[in-house]
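The data block below is input01.cif; it holds mmCIF, C-alpha atoms.
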data_upload
loop_
_atom_site.label_atom_id
_atom_site.label_comp_id
_atom_site.auth_asym_id
_atom_site.auth_seq_id
_atom_site.Cartn_x
_atom_site.Cartn_y
_atom_site.Cartn_z
CA MET A 55 23.72 148.79 51.67
CA ASN A 56 25.48 149.47 48.41
CA SER A 57 22.67 148.02 46.40
CA ILE A 58 20.06 150.09 48.25
CA SER A 59 21.80 153.36 47.56
CA ALA A 60 22.35 152.31 43.99
CA ALA A 61 18.67 151.55 43.65
CA ALA A 62 17.75 154.95 45.08
CA SER A 63 20.02 156.74 42.67
CA ALA A 64 18.75 154.70 39.76
CA GLY A 65 15.26 155.77 40.79
CA THR A 66 16.12 159.43 40.53
CA GLY A 67 17.88 158.83 37.29
CA SER A 68 20.78 161.21 38.05
CA GLY A 69 23.38 158.70 39.17
CA SER A 70 25.43 161.42 40.82
CA GLY A 71 27.65 160.48 43.73
CA THR A 72 27.38 156.74 43.17
CA GLY A 73 30.27 156.32 40.82
CA THR A 74 32.12 153.81 42.97
CA GLU A 75 29.08 151.77 44.17
CA THR A 76 27.46 151.05 40.82
CA GLY A 77 30.59 149.34 39.59
CA THR A 78 30.39 146.58 42.20
CA GLY A 79 28.56 143.28 41.82
CA THR A 80 26.73 142.15 38.75
CA GLY A 81 25.18 145.52 38.19
CA LEU A 82 21.72 143.96 38.00
CA SER A 83 20.81 143.54 41.65
CA GLY A 84 20.53 147.23 42.40
CA GLU A 85 18.90 148.46 39.25
CA ARG A 86 15.23 148.76 38.59
CA PHE A 87 14.05 146.01 36.29
CA PRO A 88 12.68 147.72 33.16
CA VAL A 89 9.55 145.57 33.09
CA ARG A 90 7.71 148.28 31.16
CA GLU A 91 9.92 147.56 28.17
CA ARG A 92 8.78 143.96 28.16
CA PHE A 93 5.07 144.79 27.94
CA PRO A 94 4.96 145.43 24.13
CA VAL A 95 6.83 142.18 23.51
CA TRP A 96 4.44 140.21 25.68
CA LYS A 97 1.48 142.02 24.13
CA ASP A 98 2.53 140.93 20.63
CA LYS A 99 3.22 137.36 21.59
CA PHE A 100 0.55 136.62 24.21
CA SER A 101 -2.07 139.35 23.58
CA LEU A 102 -1.87 141.07 26.98
CA VAL A 103 -5.20 142.57 28.04
CA SER A 104 -3.80 145.11 30.50
CA SER A 105 -0.69 145.82 32.53
CA MET A 106 0.05 147.78 35.67
CA ILE A 107 3.22 148.63 37.57
CA GLN A 108 2.38 148.59 41.25
CA ARG A 109 5.82 149.18 42.73
CA GLN A 110 9.40 149.10 41.63
CA ASP A 111 9.50 145.38 42.33
CA LEU A 112 5.90 144.42 41.58
CA ALA A 113 3.83 144.49 38.39
CA PHE A 114 0.57 142.91 37.25
CA VAL A 115 -0.39 141.82 33.77
CA GLN A 116 -3.65 140.38 32.58
CA VAL A 117 -3.80 137.81 29.81
CA PRO A 118 -6.64 135.93 28.13
CA MET A 119 -7.40 132.39 29.24
CA GLN A 120 -6.11 130.81 26.02
CA THR A 121 -2.54 132.10 26.24
CA THR A 122 -2.07 132.00 30.02
CA VAL A 123 -0.15 128.75 30.37
CA ALA A 124 1.97 129.50 27.29
CA PHE A 125 2.75 132.92 28.77
CA ILE A 126 3.67 131.48 32.17
CA THR A 127 5.85 128.85 30.53
CA HIS A 128 7.59 131.59 28.57
CA LEU A 129 8.13 133.64 31.74
CA ARG A 130 9.49 130.68 33.62
CA ASP A 131 11.84 129.36 30.93
CA LEU A 132 13.01 132.49 29.13
CA GLU A 133 12.41 135.48 31.40
CA GLY A 134 13.72 134.09 34.68
CA TYR A 135 10.44 134.01 36.62
CA ALA A 136 11.33 130.61 38.01
CA HIS A 137 9.42 130.68 41.30
CA LEU A 138 5.67 130.36 41.77
CA VAL A 139 5.08 132.36 44.95
CA PHE A 140 1.34 131.71 45.19
CA PHE A 141 -1.64 130.96 43.06
CA THR A 142 -5.02 132.18 44.17
CA ALA A 143 -8.50 133.16 43.05
CA ILE A 144 -10.81 136.09 43.72
CA ASP A 145 -14.55 135.71 43.33
CA TYR A 146 -16.07 138.65 41.40
CA ILE A 147 -19.63 137.41 41.59
CA GLU A 148 -21.05 140.67 40.18
CA ASP A 149 -19.08 140.24 36.95
CA GLY A 150 -19.61 136.48 36.85
CA ILE A 151 -15.88 135.73 36.87
CA PHE A 152 -13.12 134.28 38.98
CA ARG A 153 -9.85 136.19 38.71
CA LEU A 154 -6.91 133.82 39.06
CA THR A 155 -3.57 135.32 40.03
CA TYR A 156 -0.29 133.51 39.46
CA MET A 157 2.38 135.38 41.42
CA LEU A 158 5.82 134.72 39.94
CA HIS A 159 9.19 135.78 41.26
CA ASN A 160 12.39 136.49 39.40
CA TYR A 161 15.31 135.77 41.72
CA ARG A 162 17.95 137.41 39.58
CA ARG A 163 16.13 140.70 39.21
CA HIS A 164 14.23 140.56 42.54
CA HIS A 165 11.01 141.25 40.73
CA ASP A 166 7.47 139.94 41.27
CA LEU A 167 5.02 139.59 38.44
CA GLY A 168 1.34 138.83 38.99
CA VAL A 169 -0.27 137.16 36.02
CA GLN A 170 -4.04 137.60 36.18
CA VAL A 171 -6.63 135.77 34.15
CA ASP A 172 -10.42 136.05 34.27
CA ILE A 173 -12.37 132.82 33.89
CA PRO A 174 -16.17 132.45 33.82
CA ARG A 175 -17.83 131.33 37.04
CA GLU A 176 -20.12 128.89 35.27
CA ASP A 177 -18.37 125.50 35.01
CA ALA A 178 -15.19 127.17 36.18
CA GLY A 179 -12.10 125.42 34.90
CA MET A 180 -8.56 126.22 33.88
CA GLU A 181 -5.54 124.55 32.38
CA SER A 182 -3.30 122.96 34.98
CA ILE A 183 0.23 124.19 35.70
CA HIS A 184 1.38 121.19 37.72
CA HIS A 185 3.86 120.27 34.97
CA LEU A 186 5.62 123.63 35.44
CA TRP A 187 5.78 123.58 39.24
CA PRO A 188 4.85 120.41 41.16
CA HIS A 189 3.53 122.47 44.06
CA GLY A 190 1.06 124.07 41.67
CA ALA A 191 -1.01 120.91 42.12
CA THR A 192 -1.47 121.74 45.80
CA TYR A 193 -2.82 125.21 45.01
CA GLN A 194 -5.10 123.66 42.42
CA ARG A 195 -6.48 121.14 44.88
CA GLU A 196 -7.26 123.98 47.24
CA LEU A 197 -8.94 126.04 44.52
CA LYS A 198 -11.02 123.04 43.49
CA GLU A 199 -12.16 122.49 47.04
CA MET A 200 -12.72 126.08 48.12
CA TYR A 201 -14.01 127.63 44.86
CA GLY A 202 -14.97 124.65 42.70
CA ILE A 203 -12.52 125.59 39.94
CA ASP A 204 -11.53 122.44 38.09
CA PHE A 205 -8.04 121.73 36.82
CA PRO A 206 -8.28 118.60 34.67
CA GLY A 207 -5.22 116.38 34.88
CA SER A 208 -3.80 117.90 38.04
CA PRO A 209 -2.73 115.17 40.51
CA GLY A 210 -5.23 114.56 43.29
CA VAL A 211 -7.42 117.48 42.28
CA ASP A 212 -10.64 115.59 43.05
CA GLU A 213 -9.54 114.41 46.49
CA SER A 214 -10.51 116.39 49.56
CA PHE A 215 -7.73 118.67 50.70
CA VAL A 216 -8.51 120.56 53.92
CA LEU A 217 -12.19 119.80 54.35
CA GLU A 218 -13.31 116.27 55.05
CA GLY A 219 -16.61 115.05 53.72
CA TRP A 220 -17.86 118.43 52.53
CA HIS A 221 -21.23 118.12 50.80
CA ASP A 222 -22.33 121.72 50.29
CA ILE A 223 -21.22 124.19 47.60
CA PRO A 224 -17.55 125.21 47.91
CA PRO A 225 -17.37 127.43 51.00
CA MET A 226 -15.25 130.28 49.63
CA ARG A 227 -17.71 131.03 46.82
CA ARG A 228 -19.50 134.21 47.66
CA GLU A 229 -23.00 132.82 47.17
CA PHE A 230 -22.27 130.49 50.11
CA ASP A 231 -23.72 132.09 53.24
CA THR A 232 -21.36 130.95 55.99
CA LYS A 233 -23.40 132.46 58.85
CA GLU A 234 -26.59 130.81 57.70
CA TYR A 235 -24.77 127.49 57.29
CA SER A 236 -23.25 127.79 60.75
CA GLU A 237 -26.59 128.56 62.39
CA LYS A 238 -28.21 125.66 60.59
CA THR A 239 -25.47 123.15 61.42
CA TYR A 240 -23.66 123.97 64.66
CA TYR A 241 -26.29 124.61 67.38
CA PRO A 242 -25.61 128.27 68.25
CA ARG A 243 -25.72 128.89 71.98
CA PRO A 244 -28.37 131.49 72.80
CA GLY A 245 -27.33 134.65 74.63
CA ARG A 246 -24.83 136.14 72.22
CA VAL A 247 -25.27 139.94 72.22
CA THR A 248 -23.57 142.78 70.37
CA TYR A 249 -22.78 146.13 71.95
CA ASP A 250 -21.99 149.38 70.20
CA PRO A 251 -18.34 149.87 71.22
CA THR A 252 -18.62 153.64 71.78
CA GLU A 253 -21.69 153.45 73.99
CA TYR A 254 -20.32 150.48 75.85
CA MET A 255 -17.03 152.21 76.63
CA LYS A 256 -18.84 155.34 77.80
CA GLU A 257 -21.00 153.26 80.05
CA LYS A 258 -18.14 151.17 81.36
CA LEU A 259 -15.32 153.66 81.77
CA TYR A 260 -17.20 156.62 83.22
CA PRO A 261 -18.18 157.85 85.73
CA SER A 262 -18.56 155.50 88.66
CA GLU A 263 -15.45 153.41 88.14
CA ALA A 264 -13.27 156.46 87.64
CA GLU A 265 -14.31 157.77 91.04
CA THR A 266 -12.87 154.81 92.85
CA TRP A 267 -9.34 155.43 91.53
CA MET B 223 -46.29 69.64 75.96
CA SER B 224 -42.59 69.46 75.24
CA ASP B 225 -43.24 70.96 71.80
CA MET B 226 -44.91 73.93 73.43
CA GLN B 227 -41.95 74.38 75.77
CA ASP B 228 -39.52 74.20 72.90
CA MET B 229 -41.46 76.81 70.96
CA GLU B 230 -41.56 79.13 73.92
CA LYS B 231 -37.89 78.61 74.50
CA THR B 232 -36.96 79.36 70.90
CA GLU B 233 -39.18 82.41 70.93
CA SER B 234 -37.55 83.82 74.05
CA GLU B 235 -34.11 83.03 72.67
CA GLU B 236 -34.97 84.88 69.50
CA GLN B 237 -36.17 87.78 71.56
CA ILE B 238 -32.92 87.90 73.51
CA ALA B 239 -30.92 87.61 70.32
CA ARG B 240 -32.96 90.44 68.75
CA ILE B 241 -32.52 92.71 71.77
CA ALA B 242 -28.82 91.89 71.82
CA ALA B 243 -28.58 92.72 68.13
CA GLU B 244 -30.30 96.03 68.74
CA MET B 245 -27.82 96.87 71.47
CA ARG B 246 -24.90 96.21 69.14
CA LEU B 247 -23.39 99.10 67.26
CA ALA B 248 -23.73 98.99 63.51
CA ASN B 249 -20.22 100.29 62.67
CA ASP B 250 -21.51 101.29 59.25
CA GLY B 251 -18.50 103.48 58.60
CA LEU B 252 -16.17 100.47 58.47
CA SER B 253 -15.57 98.06 55.64
CA ASP B 254 -16.66 94.45 56.21
CA GLN B 255 -13.04 93.45 56.59
CA ASP B 256 -12.38 96.07 59.26
CA LYS B 257 -15.55 95.31 61.21
CA ALA B 258 -13.93 92.17 62.60
CA TYR B 259 -11.19 94.24 64.24
CA PHE B 260 -13.40 96.59 66.22
CA CYS B 261 -15.76 96.02 69.08
CA ASP B 262 -19.43 96.74 68.57
CA ALA B 263 -20.36 97.04 72.24
CA ARG B 264 -21.91 100.23 73.57
CA PRO B 265 -20.38 102.17 76.47
CA GLN B 266 -21.81 101.25 79.85
CA ALA B 267 -22.51 103.59 82.73
CA VAL B 268 -20.35 102.80 85.77
CA GLU B 269 -21.93 102.51 89.19
CA PRO B 270 -20.11 104.44 91.92
CA TYR B 271 -18.65 102.63 94.93
CA ARG B 272 -20.63 102.67 98.13
CA GLY B 273 -20.31 105.45 100.67
CA ILE B 274 -16.86 106.35 101.89
CA MET B 275 -15.10 104.27 99.26
CA GLU B 276 -16.38 106.52 96.48
CA LYS B 277 -15.35 109.59 98.45
CA PHE B 278 -11.88 108.20 98.90
CA ALA B 279 -11.67 107.22 95.23
CA ASN B 280 -12.76 110.70 94.18
CA TRP B 281 -10.20 112.30 96.45
CA ALA B 282 -7.52 110.10 94.93
CA ARG B 283 -8.68 110.88 91.39
CA SER B 284 -8.64 114.60 92.04
CA GLN B 285 -5.04 114.46 93.27
CA SER B 286 -3.65 113.00 90.07
CA LEU B 287 -4.93 114.56 86.86
CA TRP B 288 -3.14 113.52 83.72
CA ILE B 289 -3.75 115.69 80.69
CA LEU B 290 -4.01 114.32 77.21
CA GLY B 291 -1.29 116.09 75.25
CA PHE B 292 -3.46 116.94 72.26
CA GLY B 293 -3.63 120.65 71.47
CA THR B 294 -6.84 120.87 69.50
CA GLY B 295 -6.76 124.63 68.94
CA CYS B 296 -4.80 127.81 69.57
CA GLY B 297 -5.67 127.65 73.30
CA ALA B 298 -3.19 124.83 73.75
CA ILE B 299 -0.44 127.47 73.67
CA GLU B 300 -1.43 128.34 77.24
CA LEU B 301 -0.57 124.85 78.41
CA ARG B 302 3.15 125.40 77.82
CA PRO B 303 3.63 128.18 80.38
CA LEU B 304 1.44 126.16 82.69
CA MET B 305 3.88 123.27 82.57
CA THR B 306 7.05 125.27 83.03
CA SER B 307 8.51 126.66 86.22
CA ARG B 308 6.57 129.89 86.55
CA PHE B 309 3.10 128.42 86.86
CA ASP B 310 4.19 124.83 87.49
CA MET B 311 1.07 122.71 87.32
CA TYR B 312 2.96 119.67 88.64
CA ARG B 313 2.57 121.01 92.17
CA TYR B 314 -1.18 120.35 91.79
CA GLY B 315 -0.63 116.79 90.66
CA ILE B 316 -1.29 117.63 87.00
CA GLN B 317 0.95 116.38 84.25
CA PRO B 318 0.68 115.78 80.50
CA ARG B 319 0.63 112.32 78.98
CA PRO B 320 1.28 111.37 75.38
CA THR B 321 -1.62 109.00 74.73
CA PRO B 322 -5.36 108.93 75.44
CA ARG B 323 -4.99 105.58 77.19
CA GLN B 324 -2.96 107.10 80.02
CA SER B 325 -4.89 110.33 80.40
CA SER B 326 -7.79 111.34 82.58
CA VAL B 327 -8.31 115.00 81.58
CA PHE B 328 -8.97 116.16 78.05
CA VAL B 329 -8.30 119.88 77.62
CA ILE B 330 -10.16 121.14 74.54
CA GLY B 331 -7.76 123.88 73.50
CA GLY B 332 -10.04 126.47 71.95
CA TYR B 333 -11.90 126.32 68.64
CA ALA B 334 -12.73 122.92 67.23
CA SER B 335 -13.33 122.45 63.53
CA VAL B 336 -15.31 119.54 62.15
CA LYS B 337 -12.08 117.81 61.26
CA THR B 338 -10.78 118.23 64.81
CA VAL B 339 -14.07 117.12 66.38
CA LYS B 340 -13.63 113.81 64.63
CA ARG B 341 -10.25 113.37 66.35
CA ILE B 342 -11.58 114.75 69.64
CA VAL B 343 -14.38 112.19 69.70
CA ARG B 344 -12.00 109.40 68.85
CA SER B 345 -9.49 110.44 71.52
CA TYR B 346 -12.15 111.02 74.15
CA GLU B 347 -13.64 107.59 73.62
CA GLN B 348 -10.22 105.97 73.82
CA MET B 349 -9.51 107.51 77.21
CA GLN B 350 -10.07 105.19 80.13
CA GLY B 351 -12.49 106.14 82.85
CA PRO B 352 -12.82 108.06 85.03
CA LYS B 353 -12.25 110.88 82.57
CA PHE B 354 -12.94 114.58 82.63
CA VAL B 355 -13.15 117.33 80.02
CA LEU B 356 -12.02 120.91 80.44
CA GLY B 357 -13.27 123.41 77.84
CA LEU B 358 -10.56 126.04 77.43
CA GLY B 359 -11.45 129.39 75.90
CA SER B 360 -14.60 131.05 74.65
CA CYS B 361 -14.66 128.99 71.47
CA THR B 362 -15.64 125.87 73.37
CA VAL B 363 -18.51 127.72 75.02
CA ASN B 364 -20.23 129.32 72.04
CA GLY B 365 -17.80 129.36 69.12
CA GLY B 366 -16.05 132.54 70.28
CA MET B 367 -14.92 134.74 67.42
CA TYR B 368 -15.38 131.86 64.96
CA TRP B 369 -19.07 131.40 65.76
CA ASP B 370 -20.24 132.04 62.16
CA SER B 371 -17.55 130.02 60.41
CA TYR B 372 -18.50 127.24 58.01
CA ASN B 373 -16.34 124.64 59.73
CA THR B 374 -16.04 125.63 63.39
CA ILE B 375 -18.50 124.13 65.83
CA ASN B 376 -20.20 126.37 68.37
CA ARG B 377 -20.82 124.14 71.36
CA ILE B 378 -18.45 121.35 72.22
CA ASP B 379 -20.92 119.96 74.79
CA TYR B 380 -23.14 118.71 71.96
CA TYR B 381 -20.43 116.25 70.96
CA ILE B 382 -18.71 115.26 74.21
CA PRO B 383 -19.69 116.04 77.82
CA VAL B 384 -17.79 118.96 79.39
CA ASP B 385 -17.16 119.32 83.12
CA VAL B 386 -15.61 122.79 83.45
CA TYR B 387 -15.45 125.73 81.06
CA ILE B 388 -12.71 128.34 81.31
CA THR B 389 -13.80 131.45 79.44
CA GLY B 390 -11.52 134.00 77.88
CA CYS B 391 -9.69 134.52 74.63
CA MET B 392 -7.13 133.46 75.71
CA PRO B 393 -7.51 132.62 79.38
CA ARG B 394 -4.27 133.21 81.28
CA PRO B 395 -2.47 130.30 82.96
CA GLU B 396 -3.83 131.56 86.29
CA ALA B 397 -7.34 131.10 84.95
CA LEU B 398 -6.42 127.62 83.85
CA LEU B 399 -5.11 126.79 87.30
CA ALA B 400 -8.35 128.11 88.77
CA GLY B 401 -10.22 125.90 86.33
CA PHE B 402 -8.18 122.86 87.33
CA ASN B 403 -8.80 123.56 91.00
CA ARG B 404 -12.51 123.91 90.29
CA LEU B 405 -12.39 120.59 88.48
CA LYS B 406 -10.64 118.95 91.45
CA GLN B 407 -13.26 120.36 93.80
CA MET B 408 -16.04 119.03 91.58
CA ILE B 409 -14.41 115.61 91.36
CA ARG B 410 -14.19 115.45 95.15
CA GLU B 411 -17.87 116.37 95.36
CA GLY B 412 -18.65 113.57 92.91
CA ARG B 413 -20.14 115.90 90.30
CA CYS B 414 -17.94 114.97 87.35
CA GLU B 415 -19.99 112.17 85.86
CA GLY B 416 -19.44 113.14 82.24
CA MET B 417 -18.42 109.63 81.30
CA ASN B 418 -21.72 108.22 82.55
CA THR B 419 -23.64 111.04 80.88
CA TYR B 420 -21.95 110.07 77.65
CA ALA B 421 -22.85 106.42 78.07
CA GLU B 422 -26.45 107.18 79.02
CA ASN B 423 -27.04 109.66 76.18
CA PHE B 424 -24.84 107.81 73.74
CA ASP B 425 -27.35 107.87 70.88
CA TRP B 426 -27.90 111.62 71.19
CA TYR B 427 -24.17 112.37 71.20
CA LYS B 428 -23.57 109.99 68.33
CA ALA B 429 -26.38 111.52 66.26
CA ASN B 430 -24.93 115.00 66.80
CA GLN B 431 -21.46 113.83 65.86
CA LYS B 432 -22.64 112.07 62.72
CA GLN B 433 -24.64 115.09 61.66
CA ILE B 434 -21.49 117.12 61.13
CA ILE B 435 -18.89 114.39 60.46
CA LYS B 436 -20.10 113.32 57.05
CA ASP B 437 -17.25 110.95 56.21
CA TRP B 438 -17.63 108.68 59.21
CA ASN B 439 -14.94 106.05 58.59
CA MET B 440 -14.27 104.89 62.13
CA PRO B 441 -16.06 102.57 64.54
CA ASP B 442 -19.13 103.95 66.30
CA TYR B 443 -17.44 103.62 69.67
CA ASN B 444 -13.63 103.63 69.87
CA TRP B 445 -12.29 102.28 73.08
#
Kindly return the structure encoded in the file as structure tokens.
Amino acid sequence: MNSISAAASAGTGSGSGTGTETGTGTGLSGERFPVRERFPVWKDKFSLVSSMIQRQDLAFVQVPMQTTVAFITHLRDLEGYAHLVFFTAIDYIEDGIFRLTYMLHNYRRHHDLGVQVDIPREDAGMESIHHLWPHGATYQRELKEMYGIDFPGSPGVDESFVLEGWHDIPPMRREFDTKEYSEKTYYPRPGRVTYDPTEYMKEKLYPSEAETW
Amino acid sequence: MSDMQDMEKTESEEQIARIAAEMRLANDGLSDQDKAYFCDARPQAVEPYRGIMEKFANWARSQSLWILGFGTGCGAIELRPLMTSRFDMYRYGIQPRPTPRQSSVFVIGGYASVKTVKRIVRSYEQMQGPKFVLGLGSCTVNGGMYWDSYNTINRIDYYIPVDVYITGCMPRPEALLAGFNRLKQMIREGRCEGMNTYAENFDWYKANQKQIIKDWNMPDYNW
């Protein structure tokens, strides 16, 4: 409770009426992490492409492919972003890229940082991060299977992960037509119809059934 | 004369051996070492007893349905309230069992992915006859809300024979009880011959299964 009120007052910047509360604890937990001040430093060292502050406890930065792993290592070892929350990919087929997002969490400052990197869709591949977090290998196996993004050297990256015996293109790629594949493979049962919800409700709810109530 | 007889004999023996070889299952998914451990016989259709004996047997079967405790999809969540005191399926002679060997009813609990179908087929074949299949939820009928997914099958009856479907997403435990009672009625009427259907159309079922299960690494018939 103390930390919440302290955070609110820090947000307004006045600090009035919180004289007793701000003195308690480490003094870090309630304050807003000044991530904006770190951007120029990171830009010099790791050539940040762009940065965005989404919320008080969430920011995104974009880095080029070459400096990504060095940047993440720096964040983990020197900036306190010790936890890999998730690691995922988005398929921007129009731009010909996959956007990878490494979501990192700083326990001490309660701050999330999303590190984004664009990689080309053709022969998609990226440096592995399994040496930083062992569970990174699991995310990388999934990305290899679902998007076809290769992570050379990652343990078990070529083994099947969720799918068994998949022979088509990776199913989460957007050029993969899941409906067409399903119709071709799984014997659709005839008779499936679609109703317009508005018309159907009008037809069903009024008037005859209402009369019986 | 004796030479002729010998030739005929060897020819007919060869013929029998060839037919027998054709009736064997190939078990191509197994390594040569593993082939020795598994049977290569095909399932056989079972003749019913004569007259009143079959009726009595069917009555007895319908009074004691043991469910295979294998929740293949989200629909299996409805089996828990069915077991407990409110809906109490034990009063109908239905109870869950832990292994396929002891079970007579396989409840397909909703959607089945390709990966699950592999286990469903294996479990179904391991069940001892007479055995019955209950399709629970819309997904078993036509894929339900997952009908256009890349890994969810649309019709479970292309892979194993189904006796009763219970539609709904999810069906309530009352609907399940109604389905079980329908199944019992059908068993008493002698209409639940899914096991024989499976044996008679074994090649068709197996072809369908192998079409979607690409990494077939189990025997062709698990019993």
For this file, the PyMOL selection byres ((chain A) within 9 of (chain B)) selects which residues, as an mmCIF file with C-alpha atoms, in the frame of the given file?
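Below you can see out.cif, which holds the result:
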data_model
loop_
_atom_site.group_PDB
_atom_site.id
_atom_site.type_symbol
_atom_site.label_atom_id
_atom_site.label_comp_id
_atom_site.auth_asym_id
_atom_site.auth_seq_id
_atom_site.Cartn_x
_atom_site.Cartn_y
_atom_site.Cartn_z
ATOM 1 C CA VAL A 216 -8.510 120.560 53.920
ATOM 2 C CA LEU A 217 -12.190 119.800 54.350
ATOM 3 C CA GLU A 218 -13.310 116.270 55.050
ATOM 4 C CA GLY A 219 -16.610 115.050 53.720
ATOM 5 C CA TRP A 220 -17.860 118.430 52.530
ATOM 6 C CA HIS A 221 -21.230 118.120 50.800
ATOM 7 C CA PRO A 225 -17.370 127.430 51.000
ATOM 8 C CA ASP A 231 -23.720 132.090 53.240
ATOM 9 C CA THR A 232 -21.360 130.950 55.990
ATOM 10 C CA LYS A 233 -23.400 132.460 58.850
ATOM 11 C CA GLU A 234 -26.590 130.810 57.700
ATOM 12 C CA TYR A 235 -24.770 127.490 57.290
ATOM 13 C CA SER A 236 -23.250 127.790 60.750
ATOM 14 C CA GLU A 237 -26.590 128.560 62.390
ATOM 15 C CA THR A 239 -25.470 123.150 61.420
ATOM 16 C CA TYR A 240 -23.660 123.970 64.660
ATOM 17 C CA TYR A 241 -26.290 124.610 67.380
ATOM 18 C CA PRO A 242 -25.610 128.270 68.250
ATOM 19 C CA ARG A 243 -25.720 128.890 71.980
ATOM 20 C CA PRO A 244 -28.370 131.490 72.800
ATOM 21 C CA ARG A 246 -24.830 136.140 72.220
#
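Going from CA of Pro383 (chain B) over to CA of Leu398 (chain B), you cover 18.6 Å.
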Separation of CA of Asp250 (chain A) from CA of Lys238 (chain A), in Å and rounded to one decimal: 26.3 Å
The PyMOL selection byres ((chain B and resi 332) around 6) - which residues does that actually catch in the file I just gave you? List them as an NGL selection string. :B and (295-297 or 330-331 or 333 or 358-359 or 361-362)
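Relative to CA of Ile107 (chain A), CA of His128 (chain A) is found at 19.8 Å.
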Which residues, named as in the file, does the PyMOL selection byres ((chain A and resi 144) around 12) pick out? Answer as a PDB file with C-alpha atoms, in the coordinates of the input.
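To be explicit, this is the file written out as selection07.pdb:
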ATOM      1  CA  PHE A 141      -1.640 130.960  43.060  1.00  0.00           C
ATOM      2  CA  THR A 142      -5.020 132.180  44.170  1.00  0.00           C
ATOM      3  CA  ALA A 143      -8.500 133.160  43.050  1.00  0.00           C
ATOM      4  CA  ASP A 145     -14.550 135.710  43.330  1.00  0.00           C
ATOM      5  CA  TYR A 146     -16.070 138.650  41.400  1.00  0.00           C
ATOM      6  CA  ILE A 147     -19.630 137.410  41.590  1.00  0.00           C
ATOM      7  CA  GLU A 148     -21.050 140.670  40.180  1.00  0.00           C
ATOM      8  CA  ASP A 149     -19.080 140.240  36.950  1.00  0.00           C
ATOM      9  CA  GLY A 150     -19.610 136.480  36.850  1.00  0.00           C
ATOM     10  CA  ILE A 151     -15.880 135.730  36.870  1.00  0.00           C
ATOM     11  CA  PHE A 152     -13.120 134.280  38.980  1.00  0.00           C
ATOM     12  CA  ARG A 153      -9.850 136.190  38.710  1.00  0.00           C
ATOM     13  CA  LEU A 154      -6.910 133.820  39.060  1.00  0.00           C
ATOM     14  CA  THR A 155      -3.570 135.320  40.030  1.00  0.00           C
ATOM     15  CA  TYR A 156      -0.290 133.510  39.460  1.00  0.00           C
ATOM     16  CA  GLN A 170      -4.040 137.600  36.180  1.00  0.00           C
ATOM     17  CA  VAL A 171      -6.630 135.770  34.150  1.00  0.00           C
ATOM     18  CA  ASP A 172     -10.420 136.050  34.270  1.00  0.00           C
ATOM     19  CA  ILE A 173     -12.370 132.820  33.890  1.00  0.00           C
ATOM     20  CA  PRO A 174     -16.170 132.450  33.820  1.00  0.00           C
ATOM     21  CA  ARG A 175     -17.830 131.330  37.040  1.00  0.00           C
ATOM     22  CA  LEU A 197      -8.940 126.040  44.520  1.00  0.00           C
ATOM     23  CA  MET A 200     -12.720 126.080  48.120  1.00  0.00           C
ATOM     24  CA  TYR A 201     -14.010 127.630  44.860  1.00  0.00           C
ATOM     25  CA  ILE A 203     -12.520 125.590  39.940  1.00  0.00           C
ATOM     26  CA  MET A 226     -15.250 130.280  49.630  1.00  0.00           C
ATOM     27  CA  ARG A 227     -17.710 131.030  46.820  1.00  0.00           C
ATOM     28  CA  ARG A 228     -19.500 134.210  47.660  1.00  0.00           C
TER      29      ARG A 228
END
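Across B:Asp262, B:Val268, B:Tyr346, B:Arg394, the tightest approach to Ala298 (chain B) is made by B:Arg394 when counting all atoms listed in the file.
A cut-off of 9 Å from the point (10.6, 148.6, 39.7), with all atoms listed in the file, picks out the residues Gly65, Glu85, Arg86, Phe87, Pro88, Val89, Ile107, Gln108, Arg109, Gln110, Asp111, Leu112, Ala113 and His165 of chain A.
Using all atoms listed in the file, the contacts of region 301-307 of chain B at a cut-off of 9 Å, with sequence neighbours closer than 3 positions omitted, comprise Gly293, Gly297, Ala298, Asp310, Met311, Tyr312, Ile316, Gln317, Pro318, Gly331, Pro395, Glu396, Leu398 and Leu399 of chain B.
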